[in-house]
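Student: Structure: my_file19.cif, mmCIF, N, CA and C atoms.
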```
data_model
#
loop_
_atom_site.label_atom_id
_atom_site.label_comp_id
_atom_site.auth_asym_id
_atom_site.auth_seq_id
_atom_site.Cartn_x
_atom_site.Cartn_y
_atom_site.Cartn_z
N MET X 32 -8.60 -0.60 6.19
CA MET X 32 -7.46 -1.40 5.77
C MET X 32 -7.86 -2.23 4.55
N ARG X 33 -6.93 -2.31 3.63
CA ARG X 33 -7.17 -3.16 2.47
C ARG X 33 -6.32 -4.42 2.59
N PHE X 34 -6.90 -5.54 2.17
CA PHE X 34 -6.20 -6.81 2.19
C PHE X 34 -6.34 -7.47 0.83
N MET X 35 -5.23 -8.03 0.35
CA MET X 35 -5.27 -8.81 -0.89
C MET X 35 -5.40 -10.27 -0.49
N VAL X 36 -6.40 -10.92 -1.06
CA VAL X 36 -6.63 -12.34 -0.84
C VAL X 36 -6.08 -13.04 -2.09
N ILE X 37 -5.05 -13.83 -1.90
CA ILE X 37 -4.33 -14.46 -3.00
C ILE X 37 -4.69 -15.94 -3.03
N VAL X 38 -5.33 -16.36 -4.11
CA VAL X 38 -5.69 -17.77 -4.27
C VAL X 38 -4.54 -18.45 -4.99
N LYS X 39 -3.93 -19.41 -4.32
CA LYS X 39 -2.78 -20.12 -4.90
C LYS X 39 -3.25 -21.09 -5.98
N ALA X 40 -2.44 -21.23 -7.01
CA ALA X 40 -2.74 -22.16 -8.09
C ALA X 40 -2.31 -23.57 -7.70
N THR X 41 -2.85 -24.53 -8.42
CA THR X 41 -2.45 -25.93 -8.31
C THR X 41 -2.04 -26.38 -9.71
N PRO X 42 -1.37 -27.51 -9.83
CA PRO X 42 -1.04 -27.99 -11.18
C PRO X 42 -2.31 -28.13 -12.06
N GLU X 43 -3.42 -28.55 -11.46
CA GLU X 43 -4.67 -28.71 -12.22
C GLU X 43 -5.23 -27.36 -12.66
N SER X 44 -5.20 -26.37 -11.76
CA SER X 44 -5.80 -25.07 -12.10
C SER X 44 -4.96 -24.28 -13.09
N ASP X 45 -3.68 -24.65 -13.24
CA ASP X 45 -2.80 -23.91 -14.14
C ASP X 45 -2.71 -24.56 -15.53
N LYS X 46 -3.51 -25.58 -15.77
CA LYS X 46 -3.51 -26.21 -17.10
C LYS X 46 -4.16 -25.28 -18.11
N GLU X 47 -3.70 -25.35 -19.33
CA GLU X 47 -4.15 -24.47 -20.42
C GLU X 47 -5.67 -24.38 -20.52
N ALA X 48 -6.35 -25.51 -20.52
CA ALA X 48 -7.80 -25.50 -20.74
C ALA X 48 -8.59 -25.60 -19.44
N ALA X 49 -7.96 -25.36 -18.31
CA ALA X 49 -8.64 -25.51 -17.02
C ALA X 49 -9.61 -24.36 -16.78
N LEU X 50 -10.89 -24.67 -16.85
CA LEU X 50 -11.91 -23.70 -16.50
C LEU X 50 -12.66 -24.24 -15.30
N PRO X 51 -13.08 -23.35 -14.41
CA PRO X 51 -13.80 -23.82 -13.22
C PRO X 51 -15.11 -24.50 -13.58
N ASP X 52 -15.54 -25.37 -12.71
CA ASP X 52 -16.83 -26.03 -12.84
C ASP X 52 -17.91 -24.94 -12.86
N PRO X 53 -18.92 -25.04 -13.73
CA PRO X 53 -19.97 -24.01 -13.79
C PRO X 53 -20.68 -23.81 -12.45
N GLU X 54 -20.85 -24.88 -11.69
CA GLU X 54 -21.49 -24.76 -10.37
C GLU X 54 -20.61 -23.94 -9.43
N LEU X 55 -19.30 -24.15 -9.50
CA LEU X 55 -18.36 -23.37 -8.68
C LEU X 55 -18.41 -21.90 -9.07
N LEU X 56 -18.52 -21.63 -10.38
CA LEU X 56 -18.64 -20.23 -10.82
C LEU X 56 -19.87 -19.57 -10.22
N LEU X 57 -20.97 -20.30 -10.15
CA LEU X 57 -22.19 -19.75 -9.53
C LEU X 57 -21.96 -19.49 -8.04
N GLU X 58 -21.33 -20.45 -7.35
CA GLU X 58 -21.05 -20.27 -5.92
C GLU X 58 -20.14 -19.06 -5.69
N MET X 59 -19.10 -18.93 -6.51
CA MET X 59 -18.19 -17.80 -6.36
C MET X 59 -18.91 -16.49 -6.67
N GLY X 60 -19.80 -16.51 -7.65
CA GLY X 60 -20.59 -15.32 -7.97
C GLY X 60 -21.44 -14.89 -6.79
N LYS X 61 -22.07 -15.86 -6.13
CA LYS X 61 -22.90 -15.55 -4.96
C LYS X 61 -22.04 -14.99 -3.82
N TYR X 62 -20.88 -15.61 -3.62
CA TYR X 62 -19.96 -15.14 -2.58
C TYR X 62 -19.50 -13.72 -2.87
N ASN X 63 -19.11 -13.44 -4.11
CA ASN X 63 -18.67 -12.10 -4.48
C ASN X 63 -19.80 -11.08 -4.35
N GLU X 64 -21.04 -11.50 -4.64
CA GLU X 64 -22.19 -10.62 -4.43
C GLU X 64 -22.33 -10.27 -2.95
N GLU X 65 -22.14 -11.27 -2.10
CA GLU X 65 -22.22 -11.05 -0.65
C GLU X 65 -21.16 -10.05 -0.20
N LEU X 66 -19.93 -10.20 -0.72
CA LEU X 66 -18.86 -9.25 -0.40
C LEU X 66 -19.23 -7.85 -0.89
N GLY X 67 -19.79 -7.79 -2.09
CA GLY X 67 -20.20 -6.49 -2.65
C GLY X 67 -21.29 -5.83 -1.84
N LYS X 68 -22.30 -6.61 -1.43
CA LYS X 68 -23.40 -6.06 -0.62
C LYS X 68 -22.89 -5.57 0.72
N ALA X 69 -21.85 -6.23 1.25
CA ALA X 69 -21.26 -5.80 2.52
C ALA X 69 -20.39 -4.55 2.33
N GLY X 70 -20.15 -4.18 1.07
CA GLY X 70 -19.37 -2.98 0.79
C GLY X 70 -17.88 -3.11 0.97
N ILE X 71 -17.37 -4.34 0.93
CA ILE X 71 -15.94 -4.52 1.19
C ILE X 71 -15.15 -5.01 -0.02
N LEU X 72 -15.81 -5.40 -1.10
CA LEU X 72 -15.11 -5.93 -2.27
C LEU X 72 -14.66 -4.80 -3.18
N LEU X 73 -13.35 -4.66 -3.36
CA LEU X 73 -12.80 -3.63 -4.24
C LEU X 73 -12.42 -4.22 -5.59
N ALA X 74 -12.03 -5.50 -5.62
CA ALA X 74 -11.65 -6.16 -6.88
C ALA X 74 -11.67 -7.66 -6.65
N ALA X 75 -11.93 -8.41 -7.72
CA ALA X 75 -11.87 -9.87 -7.67
C ALA X 75 -11.69 -10.37 -9.10
N GLU X 76 -10.62 -11.10 -9.32
CA GLU X 76 -10.32 -11.60 -10.67
C GLU X 76 -9.62 -12.94 -10.60
N GLY X 77 -9.90 -13.78 -11.59
CA GLY X 77 -9.14 -15.00 -11.80
C GLY X 77 -8.07 -14.71 -12.83
N LEU X 78 -7.02 -15.50 -12.83
CA LEU X 78 -5.91 -15.28 -13.74
C LEU X 78 -5.81 -16.41 -14.76
N GLN X 79 -5.42 -16.07 -15.98
CA GLN X 79 -5.18 -17.06 -17.03
C GLN X 79 -4.00 -17.94 -16.59
N PRO X 80 -3.86 -19.13 -17.16
CA PRO X 80 -2.72 -19.99 -16.78
C PRO X 80 -1.38 -19.35 -17.12
N THR X 81 -0.33 -19.82 -16.46
CA THR X 81 0.99 -19.24 -16.65
C THR X 81 1.51 -19.45 -18.07
N SER X 82 0.93 -20.38 -18.81
CA SER X 82 1.35 -20.58 -20.20
C SER X 82 1.07 -19.35 -21.04
N LYS X 83 0.19 -18.48 -20.56
CA LYS X 83 -0.14 -17.25 -21.28
C LYS X 83 0.54 -16.03 -20.66
N GLY X 84 1.51 -16.28 -19.78
CA GLY X 84 2.18 -15.18 -19.09
C GLY X 84 3.68 -15.21 -19.27
N ALA X 85 4.35 -14.37 -18.54
CA ALA X 85 5.80 -14.27 -18.57
C ALA X 85 6.29 -13.78 -17.21
N ARG X 86 7.55 -14.01 -16.94
CA ARG X 86 8.20 -13.47 -15.76
C ARG X 86 9.33 -12.58 -16.20
N VAL X 87 9.50 -11.48 -15.51
CA VAL X 87 10.59 -10.56 -15.79
C VAL X 87 11.48 -10.54 -14.55
N LYS X 88 12.73 -10.97 -14.72
CA LYS X 88 13.68 -11.04 -13.61
C LYS X 88 14.68 -9.90 -13.76
N PHE X 89 14.84 -9.13 -12.69
CA PHE X 89 15.76 -8.00 -12.69
C PHE X 89 17.06 -8.39 -12.01
N SER X 90 18.15 -7.92 -12.57
CA SER X 90 19.46 -8.12 -11.99
C SER X 90 20.25 -6.84 -12.26
N GLY X 91 20.37 -6.00 -11.23
CA GLY X 91 21.01 -4.72 -11.43
C GLY X 91 20.19 -3.89 -12.41
N LYS X 92 20.80 -3.43 -13.49
CA LYS X 92 20.09 -2.61 -14.48
C LYS X 92 19.58 -3.42 -15.66
N SER X 93 19.81 -4.72 -15.66
CA SER X 93 19.32 -5.55 -16.77
C SER X 93 18.14 -6.41 -16.31
N CYS X 94 17.44 -6.96 -17.29
CA CYS X 94 16.34 -7.85 -16.96
C CYS X 94 16.24 -8.96 -18.00
N THR X 95 15.68 -10.09 -17.57
CA THR X 95 15.51 -11.25 -18.41
C THR X 95 14.04 -11.63 -18.39
N VAL X 96 13.47 -11.91 -19.56
CA VAL X 96 12.08 -12.30 -19.68
C VAL X 96 12.01 -13.80 -19.94
N THR X 97 11.19 -14.51 -19.16
CA THR X 97 10.97 -15.94 -19.34
C THR X 97 9.49 -16.15 -19.60
N ASP X 98 9.18 -16.77 -20.73
CA ASP X 98 7.79 -17.08 -21.05
C ASP X 98 7.32 -18.26 -20.22
N GLY X 99 6.00 -18.27 -19.90
CA GLY X 99 5.39 -19.39 -19.20
C GLY X 99 5.23 -20.56 -20.15
N PRO X 100 4.84 -21.71 -19.70
CA PRO X 100 4.33 -21.98 -18.35
C PRO X 100 5.45 -22.16 -17.33
N PHE X 101 5.08 -22.04 -16.07
CA PHE X 101 6.02 -22.21 -14.97
C PHE X 101 5.66 -23.48 -14.22
N THR X 102 6.66 -24.17 -13.72
CA THR X 102 6.44 -25.51 -13.17
C THR X 102 6.13 -25.55 -11.67
N GLU X 103 6.59 -24.61 -10.92
CA GLU X 103 6.38 -24.66 -9.47
C GLU X 103 5.02 -24.09 -9.09
N ALA X 104 3.99 -24.95 -9.09
CA ALA X 104 2.63 -24.50 -8.83
C ALA X 104 2.49 -23.84 -7.46
N LYS X 105 3.27 -24.27 -6.48
CA LYS X 105 3.13 -23.69 -5.13
C LYS X 105 3.48 -22.21 -5.11
N GLU X 106 4.17 -21.72 -6.14
CA GLU X 106 4.54 -20.32 -6.22
C GLU X 106 3.62 -19.51 -7.12
N LEU X 107 2.58 -20.13 -7.66
CA LEU X 107 1.72 -19.48 -8.64
C LEU X 107 0.43 -18.98 -8.02
N ILE X 108 -0.16 -18.00 -8.67
CA ILE X 108 -1.42 -17.40 -8.21
C ILE X 108 -2.50 -17.69 -9.25
N ALA X 109 -3.64 -18.18 -8.80
CA ALA X 109 -4.76 -18.48 -9.70
C ALA X 109 -5.73 -17.32 -9.78
N GLY X 110 -5.79 -16.51 -8.72
CA GLY X 110 -6.71 -15.38 -8.70
C GLY X 110 -6.50 -14.56 -7.45
N PHE X 111 -7.25 -13.46 -7.37
CA PHE X 111 -7.09 -12.58 -6.21
C PHE X 111 -8.37 -11.77 -6.00
N SER X 112 -8.49 -11.25 -4.81
CA SER X 112 -9.50 -10.23 -4.54
C SER X 112 -8.86 -9.22 -3.59
N ILE X 113 -9.43 -8.04 -3.57
CA ILE X 113 -8.99 -7.01 -2.63
C ILE X 113 -10.20 -6.61 -1.82
N LEU X 114 -10.07 -6.74 -0.51
CA LEU X 114 -11.15 -6.43 0.42
C LEU X 114 -10.76 -5.23 1.27
N GLN X 115 -11.73 -4.39 1.56
CA GLN X 115 -11.51 -3.28 2.48
C GLN X 115 -12.30 -3.58 3.74
N VAL X 116 -11.57 -3.94 4.80
CA VAL X 116 -12.17 -4.34 6.07
C VAL X 116 -11.42 -3.65 7.21
N LYS X 117 -11.87 -3.90 8.43
CA LYS X 117 -11.28 -3.22 9.59
C LYS X 117 -10.03 -3.90 10.14
N SER X 118 -9.84 -5.22 9.83
CA SER X 118 -8.72 -5.93 10.44
C SER X 118 -8.40 -7.20 9.66
N LEU X 119 -7.23 -7.76 9.94
CA LEU X 119 -6.85 -9.04 9.37
C LEU X 119 -7.86 -10.11 9.77
N GLU X 120 -8.29 -10.06 11.02
CA GLU X 120 -9.24 -11.06 11.51
C GLU X 120 -10.54 -11.02 10.71
N GLU X 121 -11.02 -9.82 10.40
CA GLU X 121 -12.24 -9.70 9.61
C GLU X 121 -12.03 -10.24 8.19
N ALA X 122 -10.87 -9.95 7.61
CA ALA X 122 -10.57 -10.48 6.27
C ALA X 122 -10.56 -12.00 6.30
N ILE X 123 -9.95 -12.58 7.30
CA ILE X 123 -9.90 -14.04 7.43
C ILE X 123 -11.31 -14.61 7.57
N GLU X 124 -12.14 -13.97 8.37
CA GLU X 124 -13.53 -14.46 8.54
C GLU X 124 -14.27 -14.49 7.20
N TRP X 125 -14.08 -13.46 6.38
CA TRP X 125 -14.71 -13.44 5.06
C TRP X 125 -14.14 -14.53 4.17
N VAL X 126 -12.84 -14.74 4.21
CA VAL X 126 -12.21 -15.77 3.37
C VAL X 126 -12.72 -17.16 3.76
N LYS X 127 -12.92 -17.39 5.03
CA LYS X 127 -13.40 -18.69 5.50
C LYS X 127 -14.80 -19.00 4.98
N ARG X 128 -15.56 -17.99 4.58
CA ARG X 128 -16.90 -18.19 4.04
C ARG X 128 -16.90 -18.53 2.56
N ALA X 129 -15.75 -18.36 1.90
CA ALA X 129 -15.66 -18.57 0.45
C ALA X 129 -15.83 -20.05 0.11
N PRO X 130 -16.42 -20.32 -1.06
CA PRO X 130 -16.46 -21.72 -1.51
C PRO X 130 -15.04 -22.20 -1.81
N ASN X 131 -14.80 -23.48 -1.58
CA ASN X 131 -13.49 -24.05 -1.86
C ASN X 131 -13.38 -24.21 -3.38
N CYS X 132 -12.54 -23.39 -3.99
CA CYS X 132 -12.41 -23.41 -5.45
C CYS X 132 -11.19 -24.19 -5.91
N CYS X 133 -10.56 -24.94 -5.02
CA CYS X 133 -9.35 -25.67 -5.37
C CYS X 133 -9.70 -27.05 -5.91
N PRO X 134 -9.16 -27.40 -7.09
CA PRO X 134 -9.40 -28.73 -7.64
C PRO X 134 -8.95 -29.80 -6.65
N GLY X 135 -9.76 -30.82 -6.47
CA GLY X 135 -9.43 -31.87 -5.52
C GLY X 135 -9.70 -31.48 -4.08
N GLY X 136 -10.17 -30.26 -3.85
CA GLY X 136 -10.52 -29.82 -2.51
C GLY X 136 -9.34 -29.39 -1.65
N GLU X 137 -8.12 -29.46 -2.18
CA GLU X 137 -6.94 -29.07 -1.41
C GLU X 137 -6.34 -27.82 -2.03
N GLY X 138 -6.15 -26.80 -1.22
CA GLY X 138 -5.55 -25.58 -1.74
C GLY X 138 -5.22 -24.62 -0.63
N GLU X 139 -4.76 -23.45 -1.02
CA GLU X 139 -4.32 -22.47 -0.05
C GLU X 139 -4.66 -21.07 -0.53
N VAL X 140 -5.04 -20.23 0.42
CA VAL X 140 -5.33 -18.82 0.15
C VAL X 140 -4.47 -18.01 1.12
N GLU X 141 -3.83 -16.98 0.61
CA GLU X 141 -2.99 -16.12 1.44
C GLU X 141 -3.69 -14.77 1.59
N VAL X 142 -3.64 -14.19 2.78
CA VAL X 142 -4.25 -12.89 3.05
C VAL X 142 -3.14 -11.95 3.48
N ARG X 143 -2.97 -10.85 2.71
CA ARG X 143 -1.90 -9.90 2.98
C ARG X 143 -2.43 -8.48 3.00
N GLN X 144 -1.99 -7.69 3.97
CA GLN X 144 -2.41 -6.29 4.04
C GLN X 144 -1.70 -5.48 2.97
N VAL X 145 -2.44 -4.57 2.35
CA VAL X 145 -1.91 -3.68 1.33
C VAL X 145 -1.37 -2.44 2.02
N PHE X 146 -0.22 -1.96 1.58
CA PHE X 146 0.32 -0.72 2.13
C PHE X 146 -0.61 0.44 1.81
N GLU X 147 -0.80 1.30 2.77
CA GLU X 147 -1.50 2.56 2.56
C GLU X 147 -0.45 3.66 2.60
N MET X 148 -0.74 4.78 2.00
CA MET X 148 0.24 5.87 1.96
C MET X 148 0.64 6.30 3.38
N GLU X 149 -0.28 6.25 4.31
CA GLU X 149 0.02 6.65 5.68
C GLU X 149 1.13 5.79 6.30
N ASP X 150 1.28 4.55 5.80
CA ASP X 150 2.32 3.67 6.32
C ASP X 150 3.72 4.22 6.03
N PHE X 151 3.81 5.10 5.04
CA PHE X 151 5.09 5.67 4.66
C PHE X 151 5.36 7.01 5.33
N ALA X 152 4.50 7.40 6.26
CA ALA X 152 4.64 8.70 6.93
C ALA X 152 6.03 8.93 7.51
N PRO X 153 6.70 7.92 8.08
CA PRO X 153 8.04 8.19 8.61
C PRO X 153 9.06 8.53 7.52
N LEU X 154 8.76 8.17 6.25
CA LEU X 154 9.72 8.37 5.16
C LEU X 154 9.38 9.55 4.27
N LEU X 155 8.10 9.93 4.21
CA LEU X 155 7.64 10.97 3.28
C LEU X 155 7.03 12.14 4.04
N THR X 156 7.07 13.30 3.41
CA THR X 156 6.39 14.46 4.00
C THR X 156 4.90 14.33 3.72
N GLU X 157 4.09 15.08 4.45
CA GLU X 157 2.64 15.08 4.23
C GLU X 157 2.33 15.49 2.79
N GLU X 158 3.07 16.45 2.26
CA GLU X 158 2.85 16.90 0.88
C GLU X 158 3.11 15.76 -0.11
N GLN X 159 4.18 14.99 0.10
CA GLN X 159 4.48 13.86 -0.78
C GLN X 159 3.39 12.79 -0.70
N ILE X 160 2.91 12.53 0.51
CA ILE X 160 1.84 11.53 0.69
C ILE X 160 0.59 11.99 -0.05
N GLN X 161 0.19 13.24 0.12
CA GLN X 161 -1.02 13.75 -0.53
C GLN X 161 -0.88 13.73 -2.05
N HIS X 162 0.32 14.03 -2.55
CA HIS X 162 0.58 13.97 -3.99
C HIS X 162 0.35 12.54 -4.51
N LYS X 163 0.87 11.56 -3.80
CA LYS X 163 0.73 10.16 -4.20
C LYS X 163 -0.72 9.70 -4.09
N VAL X 164 -1.44 10.14 -3.07
CA VAL X 164 -2.86 9.80 -2.92
C VAL X 164 -3.66 10.36 -4.10
N ARG X 165 -3.39 11.63 -4.46
CA ARG X 165 -4.08 12.23 -5.61
C ARG X 165 -3.73 11.51 -6.91
N ALA X 166 -2.49 11.14 -7.06
CA ALA X 166 -2.06 10.42 -8.28
C ALA X 166 -2.76 9.07 -8.36
N ARG X 167 -2.84 8.35 -7.25
CA ARG X 167 -3.51 7.05 -7.24
C ARG X 167 -4.99 7.21 -7.54
N ALA X 168 -5.60 8.24 -6.99
CA ALA X 168 -7.04 8.46 -7.21
C ALA X 168 -7.34 8.73 -8.68
N GLY X 169 -6.36 9.25 -9.42
CA GLY X 169 -6.56 9.54 -10.83
C GLY X 169 -6.38 8.34 -11.74
N LEU X 170 -5.88 7.22 -11.19
CA LEU X 170 -5.72 6.03 -12.02
C LEU X 170 -7.06 5.36 -12.26
N PRO X 171 -7.28 4.80 -13.43
CA PRO X 171 -8.54 4.11 -13.68
C PRO X 171 -8.68 2.90 -12.78
N ASN X 172 -9.89 2.66 -12.30
CA ASN X 172 -10.22 1.49 -11.47
C ASN X 172 -9.42 1.41 -10.18
N GLN X 173 -8.99 2.53 -9.65
CA GLN X 173 -8.26 2.55 -8.39
C GLN X 173 -9.12 3.19 -7.32
N THR X 174 -8.98 2.71 -6.10
CA THR X 174 -9.68 3.30 -4.98
C THR X 174 -8.69 4.11 -4.19
N ALA X 175 -9.01 5.37 -3.96
CA ALA X 175 -8.13 6.22 -3.15
C ALA X 175 -8.11 5.71 -1.73
N ASN X 176 -7.00 5.93 -1.04
CA ASN X 176 -6.90 5.53 0.36
C ASN X 176 -7.99 6.20 1.18
N LYS X 177 -8.46 5.47 2.14
CA LYS X 177 -9.51 5.99 3.00
C LYS X 177 -9.03 6.01 4.43
#
```
For the file at hand, write its structure as C-alpha cells.

Tutor:
Amino acid sequence: MRFMVIVKATPESDKEAALPDPELLLEMGKYNEELGKAGILLAAEGLQPTSKGARVKFSGKSCTVTDGPFTEAKELIAGFSILQVKSLEEAIEWVKRAPNCCPGGEGEVEVRQVFEMEDFAPLLTEEQIQHKVRARAGLPNQTANK
C-alpha cells in the first residue's frame, strides 16, 4: 500500500523567503535516510511558497487561473512524501518518528492512502487495469503498482 504524507503549511512556512532551519534540514535528511534504508520511501519533497504557484478552478468546460499567494494557510501544503508500507498504522508509526518541522512547533500532517489500480477492479476489466499499470510504469520517476 502506498500512502501520501501531506505536511500542512503554516503562515510562517508559506512566506516568500521562508527556508527551514539548517539543523532541521539535517534532522529531516536523517529521517529520510532512515525511511530509505527501510525501503519504504518512494518520494519526499518540500514545496515552494504559494506566491510562486497558481490555482486552476474548473467550472463545467471552463477554467479560471488564480495566481498565488493564497491566504488560507490551513488549506495549503508545505511538502509531501510517499511511503510504501503494509498499513495505515505502519505509515502513522513512521510519521510519528519524523522531526517536527512546523514553525513554532505547532502543525499538522495528513496521511492518505493512494489508489492502486486494483481498487478500480469493479469498474475496469483486467485488460484495462494492466494497460494503465504499464502506462504508469513508463512514466519517469513513477513506481509501478506492486

Student: From the DSSP assignment of the backbone, select every residue of chain X that is helix (DSSP H, G or I), and format the answer as an NGL selection string.

Tutor: :X and (53-68 or 81-83 or 104-106 or 119-127 or 134-136 or 148-151 or 157-168)

Student: For a test of reading the model, state the distance in Å between atom CA of Glu47 of chain X and atom CA of Lys127 of chain X, rounded to one decimal.

Tutor: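 A separation of 28.1 Å between them.
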
Student: If you run DSSP on the backbone, which residues of segment 52-111 of chain X are strand (DSSP E or B), as a ChimeraX atom specification?

Tutor: /X:72-77,85-90,93-98,108-111

Student: Figure out the distance between atom CA of Pro80 of chain X and atom C of Ala49 of chain X, please, to one decimal in Å.

Tutor: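 Taking atom C of Ala49 of chain X as the start and atom CA of Pro80 of chain X as the end point, the length is 8.2 Å.
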
Student: Could you tell me which of X:Thr102, X:Asn131, X:Ser118, X:Gln79 comes closest to Arg33 of chain X if we count only C-alpha atoms?

Tutor: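 With only C-alpha atoms as the atom set, the closest residue is X:Ser118.
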
Student: Evaluate the PyMOL selection byres (((chain X and resi 143 and name CA) around 7) and name CA) on the structure here and hand back the selected residues as a list of chain:residue names.

Tutor: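 Selected by the PyMOL selection byres (((chain X and resi 143 and name CA) around 7) and name CA) in this file: X:Phe34, X:Met35, X:Val36, X:Glu141, X:Val142, X:Gln144, X:Val145.
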
Student: Considering all atoms listed in the file, can you say which of X:Asp150, X:Arg167, X:Tyr62, X:Gly70 comes closest to Arg128 of chain X?

Tutor: X:Tyr62

Student: List the residues matched by the PyMOL selection byres ((chain X and resi 77) around 6) in the displayed structure as a list of chain:residue names, ordered by chain and then by residue number.

Tutor: X:Ala75, X:Glu76, X:Leu78, X:Gln79, X:Ala109, X:Gly110, X:Phe111

Student: Given the file shown, determine the residues that the PyMOL selection byres (((chain X and resi 99 and name CA) around 6) and name CA) selects; report them as a PyMOL selection string.

Tutor: chain X and resi 81-82+84-85+98+100-101

Student: Restricting the calculation to all atoms listed in the file: of X:Ala152, X:Met32, X:Met59, X:Val38, which residue gets closest to Ala129 of chain X?

Tutor: X:Met59

Student: Can you measure atom CA of Leu57 of chain X to atom CA of Ala69 of chain X for me? One decimal in Å is fine.

Tutor: 18.5 Å

Student: Out of X:Cys94, X:Cys132, X:Ala122, X:Ile37, which residue has the shortest atom-to-atom distance to Gly60 of chain X when counting only C-alpha atoms?

Tutor: X:Cys132

Student: Counting all atoms listed in the file, which residue out of X:Glu149, X:Glu65, X:Glu58, X:Glu106 sits closest to Pro130 of chain X?

Tutor: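 Answer, going by the shortest atom-to-atom distance: X:Glu58.
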
Student: (-3.5, -22.2, -2.8) in this file's frame - what residues fall within 6 Å of it? Use only C-alpha atoms and give the answer as an MDAnalysis selection string.

Tutor: chainID X and resid 38:40 138:140

Student: Generate the coordinates of N, CA, C and O atoms for segment 44-55 of chain X; report them as a compact mmCIF listing (two decimals), in the frame of the given file.

Tutor:
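Saved file part33.txt follows:
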```txt
# COMPACT_ATOMS: atom_id res chain seq x y z
N SER X 44 -5.20 -26.37 -11.76
CA SER X 44 -5.80 -25.07 -12.10
C SER X 44 -4.96 -24.28 -13.09
O SER X 44 -5.46 -23.36 -13.72
N ASP X 45 -3.68 -24.65 -13.24
CA ASP X 45 -2.80 -23.91 -14.14
C ASP X 45 -2.71 -24.56 -15.53
O ASP X 45 -1.96 -24.12 -16.37
N LYS X 46 -3.51 -25.58 -15.77
CA LYS X 46 -3.51 -26.21 -17.10
C LYS X 46 -4.16 -25.28 -18.11
O LYS X 46 -5.07 -24.51 -17.78
N GLU X 47 -3.70 -25.35 -19.33
CA GLU X 47 -4.15 -24.47 -20.42
C GLU X 47 -5.67 -24.38 -20.52
O GLU X 47 -6.23 -23.31 -20.63
N ALA X 48 -6.35 -25.51 -20.52
CA ALA X 48 -7.80 -25.50 -20.74
C ALA X 48 -8.59 -25.60 -19.44
O ALA X 48 -9.79 -25.88 -19.46
N ALA X 49 -7.96 -25.36 -18.31
CA ALA X 49 -8.64 -25.51 -17.02
C ALA X 49 -9.61 -24.36 -16.78
O ALA X 49 -9.20 -23.24 -16.56
N LEU X 50 -10.89 -24.67 -16.85
CA LEU X 50 -11.91 -23.70 -16.50
C LEU X 50 -12.66 -24.24 -15.30
O LEU X 50 -12.86 -25.45 -15.17
N PRO X 51 -13.08 -23.35 -14.41
CA PRO X 51 -13.80 -23.82 -13.22
C PRO X 51 -15.11 -24.50 -13.58
O PRO X 51 -15.70 -24.22 -14.62
N ASP X 52 -15.54 -25.37 -12.71
CA ASP X 52 -16.83 -26.03 -12.84
C ASP X 52 -17.91 -24.94 -12.86
O ASP X 52 -17.85 -24.00 -12.06
N PRO X 53 -18.92 -25.04 -13.73
CA PRO X 53 -19.97 -24.01 -13.79
C PRO X 53 -20.68 -23.81 -12.45
O PRO X 53 -21.02 -22.69 -12.09
N GLU X 54 -20.85 -24.88 -11.69
CA GLU X 54 -21.49 -24.76 -10.37
C GLU X 54 -20.61 -23.94 -9.43
O GLU X 54 -21.10 -23.10 -8.67
N LEU X 55 -19.30 -24.15 -9.50
CA LEU X 55 -18.36 -23.37 -8.68
C LEU X 55 -18.41 -21.90 -9.07
O LEU X 55 -18.36 -21.02 -8.21
```
